[in-house]
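Step one of this worksheet: look at the structure below.
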Amino acid sequence: MSKYINALSVFMTTIAIMLLVLPNNSFASEVAAAGEHATWSPVFGITGLLALAVLMFPIANRFRFPHTVMLAIVGSLLGVAKLALEHSNIPFISDFFLSFDSFEITSDLVFFVFLPALVFESALSIDVRRLMEDIAPILFLAIIGLIVSTAFVGLVMQAVVPFSLVVCLLLGAIVSATDPVAVVAIFKDLGAPKRLAILVEGESLFNDATAIVAFTLLSGMLLGNADTGIVAGTFAFLKVFIGGIIVGYLLARWFCAIFAWLGEIPIAKTTLSITLAYLSFIVAEHFLHVSGVMAVVTAALVIGSQGRSVISPSNWHGLHDVWEQIGFMANSIIFLLVGLAVPVIMRDVAAEQWLWLVILLVAAFIARAVIIFGLLPLLIKAKLAGQVSIGYRSVMFWGGLRGAVSLALALAVMENSAFDQEMRSFIGMMVCGFVLFTLFVNATTVQFVMKMFGLDKLSAADEAVKNKALSQALVGVSKKAESYAESSEAEVEFVSEVQESINERRNTAVKSIDNAADLAKDTWSLIGLKTAAQKEKEIYARMLDQGLISSDSARRLFANTNDLLDGVKLNGCDGYQQATERCLKFNWNTRSALWLQRKCNISGPLSKQLARRFEDLCTMVTAQRELKHSLAPGLREMLDESTITTVSNMLDDRLQYSQREQQALRSAYPEYANLLERRMFAMAVSRMESNEYTRIAKSGLISSEVKDQLVNELSDRTSRQITKPVLDLGLNITELVAKVPMFSELDNQVQRQIVALLKPRLLIPGEALMRVGETGDAMYFVSTGAVSVKLAGQDITLGSGDFVGEIALLSDQPRNADVISDAYSDVLVLHTKDFRTLMDANPSLRETINRIAQERGV
């Protein structure tokens with residue numbers, strides 16, 4: 001199914017691009033005016049360019065040359081050839097070059113056709129959690145860095161060119177935009193380290209928006225329709241930048257809700273993701289006049305993180321493949337069209353203008369060096385950003401490529417007749433020359449910069465893992481090759497040579513492993529823990545794909561495994577344990593719900609939060625049990641027994657921790673636990689039945705129509721029979737009062753008086769009900785659950801029917817003990833004023849409380 005979805009999406013995208021690059025005239029009017037030529041010519045040109053782009057792949061790979069740069073070179077050569085052959089008439093070839101006249105690269109074409117697709121595809125692959133880890137340096141470079149670069153370049157250029165400061169600042173803003181289209185493509189080709197890619201790609205995506213905002217403000221000043229004040233400019237920038245984020249976030253969350261509602265219709269979700277990319281850009285840029293780029297970036301980041309929980313893993317891979325195809329097509333066409341425009345723009349450059357271009361290059365690179373090597377370290381010293389090594393900073397300096405965005409902004413100036421013609425030519429030539437330099441020089445040499453700092457190499461741990469994997473793989477290959485040789489007619493000598501080559505490679509890998517023996521044992525343990533976290537994530541993905549867990553639960557569980565991976569990366573085994581505890585702690589949502597229950601007596605949100613916690617814990621325990629049994633065999637191929645034991649013990653500790661938390665909820669709400677587990681089991685059986693129908697259909701025993709009928713009947717039956725239970729917290733005040741023995745013996749009228757005075761409260765395990773030294777303002781009756789009274793040298797456990805905290809009210813003394821909840825406990829709160837009212841109205845109750853207090857002494 002996936003391949004048909006991909007094929008259809010690619011076909012539709014191709015048609016859409018062809019239609020979008022047609023001249024502005026309508027299709028019908030063009031056919032009427034120019035006949036058949038108006039239709040086939042642009043189609044011929046676009047398909048020809050796409051074919052050229054594909055043919056450049058093997059050439060670029062053969063010479064280890066960036067594919068995007070190869071496309072720009074080919075485009076430039078095509079542009080030169082077009083100028084040379086514009087008066088010739090060579091069959092087919094002349095038609096191909098003439099087809100370029102049926103479409104042209106404009107700023108609107110780049111902004112509204114190519115940029116949304118390219119930015120969305122780039123941001124979709126970014127790990128949001130990693131991005132947020134480095135958000136401070138990324139935003140610093142994207143905002144402050146671009147402003148500094150714009151100012152420096154503008155001031156330098158004003159000293160050498162006959163244009164105003166605002167024009168030079170406009171040029172500075174255009175050439176300061178590091179382009180995600182170029183950067184992402186180059187870093188994909190080079191296989192840059194993950195964090196380096198996040199830093200450079202993140203900066204490129206965010207500073208696009210900054211550059212476009214600065215461009216808009218400065219061009220408005222030149223045309224006399226913008227406020228030139230600093231305060232007004234700052235406000236305008238914040239409005240456009242933050243407004244774009246809000247638009248993208250809201251649209252993406254809305255689309256995620258639609259994804260969940262659609263169910264298993266992958267082609268619809270893929271189509272909607274394409275719609276989202278363009279809709280977010282157009283709504284933000286055209287209708288709301290905020291940053292379209294930031295809207296697209298935000299929408300893609302939300303889909304990349306939240307969308308995975310409402311799109312099954314198999315369908316997510318299909319969606320991602322489609323976006324890679326769209327990105328390739330848009331990337332190929334834009335770089336070829338950029339190259340085609342180069343000869344036309346640059347053919348009239350004079351000697352003086354070449355000098356200006358050199359000065360522009362020097363000024364821009366000095367500005368970037370000051371930002372990367374001067375200002376960024378200050379940010380790190382102020383502990384506002386994580387450490388960025390000198391190697392990473394060097395690549396960030398040299399890898400700040402320019403491309404489609406800079407060219408689109410230059411085209412926007414060149415196309416605007418309100419600007420002076422000389423200024424338009426100046427901007428076009430300078431920007432075009434600058435883009436060409438970064439593509440042909442920086443892009444082709446950034447790999448050497450990475451090699452200089454060893455950034456193209458694996459870490460010692462990754463290298464050891466690679467050699468382990470290679471050694472194990474070659475053992476299997478050797479056995480299979482030997483078995484195959486028995487039935488093969490290959491010469492014995494040749495077979496021996498192949499086997500010898502395999503054995504040599506294996507021996508080399510084993511020696512490398514031996515040389516890495518000095519790696520700390522913890523390093524191998526971390527490898528095991530990382531593997532375990534990844535395997536656990538795969539289990540959750542499979543359960544989501546099978547419909548065994550909800551999309552909301554899957555999102556939370558994926559976040560937990562990401563926390564485990566981050567913990568291992570930052571603090572090793574200790575980090576894994578800390579992340580385990582952090583994942584099982586009560587989050588701010590639960591604590592907010594607790595506050596609502598206690599202050600406003602609103603229990604609904606708390607019930608939902610605890611129900612979600614129970615669902616997550618049940619799934620975690622199931623997944624961790626499966627992980628315990630399935631992980632060890634795979635680890636034995638990579639790790640020694642002692643390391644496997646260490647990893648297994650940590651996984652056992654985590655499983656026991658999860659089981660304790662699950663049991664605490666089960667003990668508090670046994671009926672809900674039974675209903676939830678019955679539902680999960682019924683869902684699993686239903687999925688098994690559906691899979692069985694699919695298996696029988698694939699074997700040819702039943703037709704697809706019969707299979708669909710069976711699946712639909714199963715779905716209807718399941719939806720009627722398997723309903724999600726509602727968690728009742730048991731905070732009904734009347735029922736809680738009746739469970740306290742000293743209250744249950746009172747008559748109904750007194751009980752109703754007590755009900756009016758008491759307030760229900762739910763305590764979570766480990767929560768402090770009272771602390772030593774606090775001023776007592778209430779006493780508490782335990783209805784269900786248990787609390788521990790922590791005294792010097794002893795602990796007293798109080799359960800259902802007991803009360804605590806009365807001494808502070810009887811004697812006006814501070815609290816003399818800590819009281820901690822041992823489980824999910826329902827307590828009834830009686831405040832000081834109400835306590836005195838109740839005691840005065842019920843002397844027998846006062847006597848009972850006084851007697852028990854004296855006996856306990858607490």
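Note on naming: chains are A, B, ... as they come in the structure tokens, residues start from 1 per chain, ligands start from 1 in the order shown.
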Skipping near chain neighbours, those fewer than 5 positions away, what residues fall within 6 Å of Gly567 in chain A using only C-alpha atoms, listed as a PyMOL selection string?
chain A and resi 575-576+579
At a cut-off of 9 Å, using only C-alpha atoms, what residues contact Val153 in chain A? Leave out same-chain residues fewer than 4 positions from it and give the result as a CSV table (one decimal) with N, CA and C atoms, in the first residue's frame.
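Dumped everything to selection-v1.csv:
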chain,number,residue,atom,x,y,z
A,148,VAL,N,23.5,41.5,14.2
A,148,VAL,CA,24.9,42.0,14.2
A,148,VAL,C,25.5,41.9,12.8
A,149,SER,N,25.3,40.8,12.1
A,149,SER,CA,25.9,40.7,10.8
A,149,SER,C,25.3,41.7,9.8
A,157,MET,N,29.8,48.2,3.8
A,157,MET,CA,29.5,48.4,2.4
A,157,MET,C,29.1,49.9,2.1
A,158,GLN,N,28.6,50.6,3.1
A,158,GLN,CA,28.3,52.0,2.8
A,158,GLN,C,29.5,52.8,2.6
A,168,CYS,N,22.4,49.4,2.0
A,168,CYS,CA,23.5,48.5,2.4
A,168,CYS,C,23.0,47.6,3.6
A,169,LEU,N,22.2,48.1,4.5
A,169,LEU,CA,21.6,47.2,5.5
A,169,LEU,C,20.7,46.2,4.9
A,171,LEU,N,21.0,44.9,2.0
A,171,LEU,CA,22.0,43.9,1.4
A,171,LEU,C,22.5,43.0,2.5
A,172,GLY,N,22.9,43.6,3.6
A,172,GLY,CA,23.4,42.8,4.8
A,172,GLY,C,22.4,41.8,5.3
A,173,ALA,N,21.1,42.2,5.4
A,173,ALA,CA,20.1,41.3,5.9
A,173,ALA,C,19.9,40.1,4.9
A,175,VAL,N,22.2,38.8,2.7
A,175,VAL,CA,23.3,37.8,2.7
A,175,VAL,C,23.6,37.2,4.0
A,176,SER,N,22.9,37.7,5.1
A,176,SER,CA,23.2,37.1,6.4
A,176,SER,C,22.3,35.9,6.7
A,360,LEU,N,32.2,42.6,0.1
A,360,LEU,CA,31.0,42.0,0.8
A,360,LEU,C,31.3,40.7,1.4
A,363,ALA,N,33.5,41.1,4.5
A,363,ALA,CA,32.7,41.7,5.6
A,363,ALA,C,31.8,40.7,6.2
A,364,ALA,N,31.1,39.9,5.4
A,364,ALA,CA,30.1,39.0,5.9
A,364,ALA,C,30.8,37.9,6.7
A,366,ILE,N,33.8,38.1,8.2
A,366,ILE,CA,34.3,38.7,9.5
A,366,ILE,C,33.1,38.8,10.5
A,367,ALA,N,32.0,39.2,10.0
A,367,ALA,CA,30.8,39.4,10.9
A,367,ALA,C,30.5,38.0,11.5
Each residue of range 677-792 of chain A lying at most 12 Å from range 847-854 of chain A should get a row with its shortest atom-to-atom pair and the distance in Å to one decimal, counting only C-alpha atoms; could you produce that, ordered by chain and increasing number, as a Markdown table?
| residue | atom | partner | partner_atom | distance |
| --- | --- | --- | --- | --- |
| A:Pro741 | CA | A:Thr848 | CA | 11.6 |
| A:Met742 | CA | A:Thr848 | CA | 8.3 |
| A:Phe743 | CA | A:Thr848 | CA | 11.0 |
| A:Met779 | CA | A:Ile849 | CA | 10.9 |
| A:Tyr780 | CA | A:Ile849 | CA | 11.8 |
| A:Phe781 | CA | A:Ile849 | CA | 11.1 |
So, with only C-alpha atoms as the atoms that count, which of A:Leu118, A:Ala481, A:Ala159, A:Cys583 lies closest to Glu497 in chain A?
A:Ala481
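Residue nearest Val160 in chain A, chosen from A:Phe44, A:Phe112, A:Trp356, A:Phe241 and counting only C-alpha atoms: A:Trp356.
Using only C-alpha atoms, the shortest contact distance between Asp348 in chain A and any of A:Leu631, A:Val370, A:Ser425, A:Lys381 is found at A:Ser425.
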When DSSP works through the backbone of this structure, what residues of range 219-386 of chain A end up as alpha helix (DSSP H), shown as a count of residues only?
128
Excluding same-chain residues fewer than 2 positions from Phe586 in chain A, what lies within 12 Å of it counting only C-alpha atoms, as a PDB file with C-alpha atoms, in the first residue's frame?
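Written file, part_32.pdb:
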ATOM      1  CA  GLU A 581      12.482   8.293  38.746  1.00  0.00           C
ATOM      2  CA  ARG A 582      11.619  11.474  36.865  1.00  0.00           C
ATOM      3  CA  CYS A 583       9.376   9.576  34.416  1.00  0.00           C
ATOM      4  CA  LEU A 584       7.365   8.062  37.282  1.00  0.00           C
ATOM      5  CA  TRP A 588       2.682  19.367  36.653  1.00  0.00           C
ATOM      6  CA  ASN A 589      -0.604  18.345  35.016  1.00  0.00           C
ATOM      7  CA  THR A 590      -1.386  15.998  37.892  1.00  0.00           C
ATOM      8  CA  ARG A 591      -0.322  18.517  40.508  1.00  0.00           C
ATOM      9  CA  SER A 592      -2.480  21.188  38.867  1.00  0.00           C
ATOM     10  CA  ALA A 593      -5.405  18.767  38.939  1.00  0.00           C
ATOM     11  CA  LEU A 594      -4.710  18.070  42.633  1.00  0.00           C
ATOM     12  CA  LEU A 606      -7.587  14.644  38.575  1.00  0.00           C
ATOM     13  CA  GLN A 609      -4.765  12.361  35.039  1.00  0.00           C
ATOM     14  CA  LEU A 610      -4.745   9.318  37.317  1.00  0.00           C
ATOM     15  CA  ARG A 612      -3.821   8.212  32.159  1.00  0.00           C
ATOM     16  CA  ARG A 613      -1.143   7.322  34.695  1.00  0.00           C
ATOM     17  CA  PHE A 614      -2.716   3.923  35.246  1.00  0.00           C
ATOM     18  CA  GLU A 661       3.657   2.447  41.231  1.00  0.00           C
ATOM     19  CA  LEU A 763      -3.225  12.284  48.786  1.00  0.00           C
ATOM     20  CA  ILE A 764      -0.720  10.718  46.404  1.00  0.00           C
ATOM     21  CA  PRO A 765       2.031   8.335  47.575  1.00  0.00           C
ATOM     22  CA  GLY A 766       4.907  10.141  49.255  1.00  0.00           C
ATOM     23  CA  GLU A 767       2.985  13.380  49.681  1.00  0.00           C
TER      24      GLU A 767
END
Could you produce a table of the residues of range 580-655 of chain A lying within 12 Å of range 728-734 of chain A, with the nearest pair of atoms per residue and their separation in Å rounded to one decimal, using only C-alpha atoms, ordered by chain and increasing residue number, as a tab-separated table?
residue	atom	partner	partner_atom	distance
A:Leu594	CA	A:Leu729	CA	11.7
A:Gln597	CA	A:Leu731	CA	9.7
A:Arg598	CA	A:Leu731	CA	11.0
A:Asn601	CA	A:Leu731	CA	9.4
A:Ile602	CA	A:Leu731	CA	10.3
A:Ser603	CA	A:Leu729	CA	7.7
A:Gly604	CA	A:Leu729	CA	9.1
A:Pro605	CA	A:Leu729	CA	10.9
A:Leu606	CA	A:Leu729	CA	8.4
A:Ser607	CA	A:Leu729	CA	6.3
A:Lys608	CA	A:Asp728	CA	9.6
A:Gln609	CA	A:Leu729	CA	11.1
A:Leu610	CA	A:Leu729	CA	8.9
A:Ala611	CA	A:Asp728	CA	9.4
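Those residues that approach Leu676 in chain A to within 9 Å, counting only C-alpha atoms, are Phe614, Glu615, Glu671, Tyr672, Ala673, Asn674, Arg678, Arg679, Met680, Phe681, Lys724 and Pro725 of chain A; same-chain residues fewer than 2 positions away are not listed.
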Minimum-distance residue to Val161 in chain A, chosen among A:Ile274, A:Ala197, A:Leu218, A:Leu357 (using only C-alpha atoms):
A:Leu357
Restricting the calculation to only C-alpha atoms, which member of A:Gly202, A:Pro814, A:Gly79, A:Gly572 is positioned closest to Leu141 in chain A?
A:Gly202
Could you name the residues that touch Gly391 in chain A at 12 Å or less, counting only C-alpha atoms, but leaving out those on the same chain fewer than 6 positions away, as a CSV table (one decimal) with C-alpha atoms, in the first residue's frame?
chain,number,residue,atom,x,y,z
A,193,PRO,CA,27.2,14.6,13.6
A,196,LEU,CA,26.2,19.8,14.8
A,372,ILE,CA,30.6,32.4,16.2
A,373,PHE,CA,34.0,32.9,17.9
A,397,PHE,CA,31.3,29.4,10.6
A,398,TRP,CA,32.2,27.9,7.3
A,399,GLY,CA,28.9,26.0,6.8
A,446,VAL,CA,33.1,22.1,4.5
A,448,PHE,CA,37.5,19.2,4.8
A,449,VAL,CA,36.8,21.5,7.8
A,450,MET,CA,34.9,18.6,9.4
A,451,LYS,CA,37.9,16.3,8.8
A,452,MET,CA,40.3,18.8,10.3
A,453,PHE,CA,38.5,18.5,13.7
A,454,GLY,CA,37.7,14.8,13.4
A,455,LEU,CA,34.0,15.4,13.1
A,456,ASP,CA,33.7,12.9,10.3
Please compute the CA of Arg836 in chain A-CA of Asp822 in chain A distance, one decimal, in Å.
28.9 Å
Among listed residues A:Asn712, A:Ser667, A:Asn331, A:Thr68, nearest Gly785 in chain A (using only C-alpha atoms)
A:Ser667
Which of range 665-842 of chain A counts as strand (DSSP E) under DSSP, as number ranges by chain please?
A: 759-763, 768-770, 778-784, 787-791, 794-798, 803-804, 818-821, 825-831
